[in-house]
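Here the structure comes first, spelled out in structure tokens, and everything after it is commentary.
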Amino acid sequence: MRQSQLFTRTKRDFPKEEESKNAQLLIRGGFVCKEMAGVYSYLPLGLRIIRKIENIIRREMNETLGATEILMPALHPIEKYKKTKRENIDVLFHTESNTGGHFVLGQSHEEVVVPLVSNFVSSYRDLPLGVYQIQTKFRNEFRAKSGILRGKEFLMKDLYSFHTDEEDFDRYYKKAQIAYRNIFNEIGIGDKTYLTFASGGTFSKYSHEFQTVTDAGEDIIYLCSKCGVAINEEIIDEQKECPLCGLTKDKLEKIKSIEVANIFPLKTRFSDAFNLKYKNKKGEACPIIMGCYGIGVSRLMGAVVESLSDKNGMVWPESIAPFKVHIIPIDDNSVSEKIYTDLNKQMEVLYDDRDKGAGEKLKDADLIGIPYRIVVSPKTLENGCVEVKRRDKEQAELIKIEKIKSYVK
RNA sequence: CGGAGAGUAGUGUAACGGCAGCACGAGUCCUUUGGGAGGAUUUAGUUCGGGUUCAAAUCCCGGCUCUCCGACCA
């Protein structure tokens, strides 16, 4: 894509009061635009990243977990929340129709998915079942904060699984952990993201989170470096040692982190509320065991910014970068044009064809953080070369034009 | 929701109760082109509602919004 046609541009400055690193970089780089606290527009660069994260998640949901994508409504009738006794939870946004109907905006979808599934599941033959969606969630946070890390409106992947018994659920729950692990590895924060034992809230005794270590996080975890798992501070009083190796609390590392995902056993909390049952081989009605599995998609993008950036800007991992290659022509507009046209057939290329000074283009390239930067200038062309620099490396290399493709492949 | 701070142009800042100004940015044109270059020119503002006053960006009251700390957080 030609950068001259990209909607959005970088900013040299940003509001002084915006302290959060992800907000600063994402706004300056033109990835997002703030509408109000906790509510953002995603601009082309940011949206591309979101889409890539989504697709990595989709692949794992589909292939590792055998789940199916659906899309549920964001507008929910309050009546269903009365059935689950959640009509008064304070994160719900309430609204009404012009004929007096009372609705809420979806902050999670148990109340929708369970009645939905009950239309189609009646036999043990229909189970197990996993359905998920990627959708905007609405939560009436008292205090939105930290850029896109904690919004009133945000993108979330939520998966719900349905099982005949606890054993089947446990197998699925374990597989979900593997799928999540794959996702964080691929997105580039696997080494900083830990499976974390956490409170089960009102639904169940325990749950598991995936916590990415960063100073921008709101949570505190106790990390067992030996096992690579952690315990959320909220349960450290009851769980005083690593559940895997028994290392005691004083040996665990206390550290700040951001919760990027949370998986829950729901037992029959919601299936009971809506009388969702299946018939076993004998034709007897049995309760359905459920689990739910969330990933904050937009929050994940924020967590990547917090983890993978330097003083000059973003350093996107190739797996989710908005483009793979950024071509920067300096005092040249014919050779670079050709290189762009050629490369663009095979990979995602951003071509800085703007009429700007070299310094400005280079600063912008650092800020936007595309993995490969190719500078084409009279200096490099003297030897039939371009300069290729990886955003995460200090050194640049001169590469013959005909060898670019094999270098950045 | 409790606490603290703050609202003047896109950003950052000035203006004793008395003409809203400056810089940067952004737009246009020209020059420039290896780390945010130079010149010319244009653009845009007192958060909202009350009150005090001859006169309010400025003082008083209230709302709203933003940032930070805390609480909350399927």
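Ordering of the structure tokens sets the chain letters (A, B, ...); residue numbers start at 1 within each chain; ligands are numbered from 1 in the order shown.
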DSSP strand (DSSP E) residues within range 166-254 of chain A, listed as a PyMOL selection string: chain A and resi 193-199+206-213+219-224+229-232+253-254
Set the cut-off to 7 Å and count only C-alpha atoms (C1' of nucleotides): what are the residues of chain B that reach chain A? Output as a short mmCIF file (atom, residue, chain, number, x, y, z; two decimals) with C-alpha atoms (C1' of nucleotides), in the first residue's frame.
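The file below, out.cif, is the result:
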data_model
loop_
_atom_site.label_atom_id
_atom_site.label_comp_id
_atom_site.auth_asym_id
_atom_site.auth_seq_id
_atom_site.Cartn_x
_atom_site.Cartn_y
_atom_site.Cartn_z
"C1'" U B 11 -0.59 19.88 20.85
"C1'" U B 33 16.05 15.16 0.86
"C1'" G B 34 20.24 9.62 5.34
"C1'" G B 35 17.27 11.01 11.25
"C1'" G B 36 11.16 15.31 12.35
"C1'" U B 67 -5.63 12.01 33.89
"C1'" A B 74 -17.53 -13.23 33.90
#
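All residues of protein, DNA or RNA that reach within 6 Å of Ile289 in chain A, judged by only C-alpha atoms (C1' of nucleotides) and not counting those fewer than 3 positions away in the chain, are Phe162, His163, Lys267 and Thr268 of chain A.
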Name the residues of range 163-230 of chain A that fall into helix (DSSP H, G or I) according to DSSP on the backbone, using the chain letters and numbers of this document, as a VMD selection string. chain A and resid 166 to 187 190 to 192
Shell of 12 Å around range 57-65 of chain B, only C-alpha atoms (C1' of nucleotides), local chain residues under 6 positions omitted, as an MDAnalysis selection string: (chainID A and resid 35:37) or (chainID B and resid 6:8 14:18 20 45:51)
Neighbour list for Arg150 in chain A as a PyMOL selection string, cut-off 8 Å, only C-alpha atoms (C1' of nucleotides), skip fewer than 6 positions in-chain: chain A and resi 38+144+299
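Counting only C-alpha atoms and comparing A:Ile189, A:Val39, A:Ile70, A:Met61, the residue that lies closest to Asn140 in chain A is A:Val39.
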Residues at most 8 Å from Tyr372 in chain A, counting only C-alpha atoms (C1' of nucleotides), excluding those fewer than 6 positions away in the same chain, as a count of residues only? 8
Excluding range 40-43 of chain B and its own-chain neighbours fewer than 4 positions away, which residues fall within 10 Å of it when counting only C-alpha atoms (C1' of nucleotides)? Please give them as a ChimeraX atom specification. /B:9,26-30
Save the residues we just selected, C-alpha atoms (C1' of nucleotides), as a PDB file, in the first residue's frame?
ATOM      1  C1'   A B   9      -6.593  26.432  18.700  1.00  0.00           C
ATOM      2  C1'   A B  26      -1.953  21.084  10.204  1.00  0.00           C
ATOM      3  C1'   G B  27      -3.198  23.269   4.913  1.00  0.00           C
ATOM      4  C1'   U B  28      -1.160  25.748   0.312  1.00  0.00           C
ATOM      5  C1'   C B  29       3.270  27.279  -2.657  1.00  0.00           C
ATOM      6  C1'   C B  30       8.614  27.279  -3.319  1.00  0.00           C
TER       7        C B  30
END
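The two atoms in question, CA of Phe184 in chain A and CA of Gln239 in chain A, are spaced 25.5 Å apart.
The spacing separating CA of Thr248 in chain A from CA of Ala179 in chain A amounts to 28.8 Å.
Across the structure, CA of Arg28 in chain A and CA of Ile328 in chain A are spaced 19.2 Å apart.
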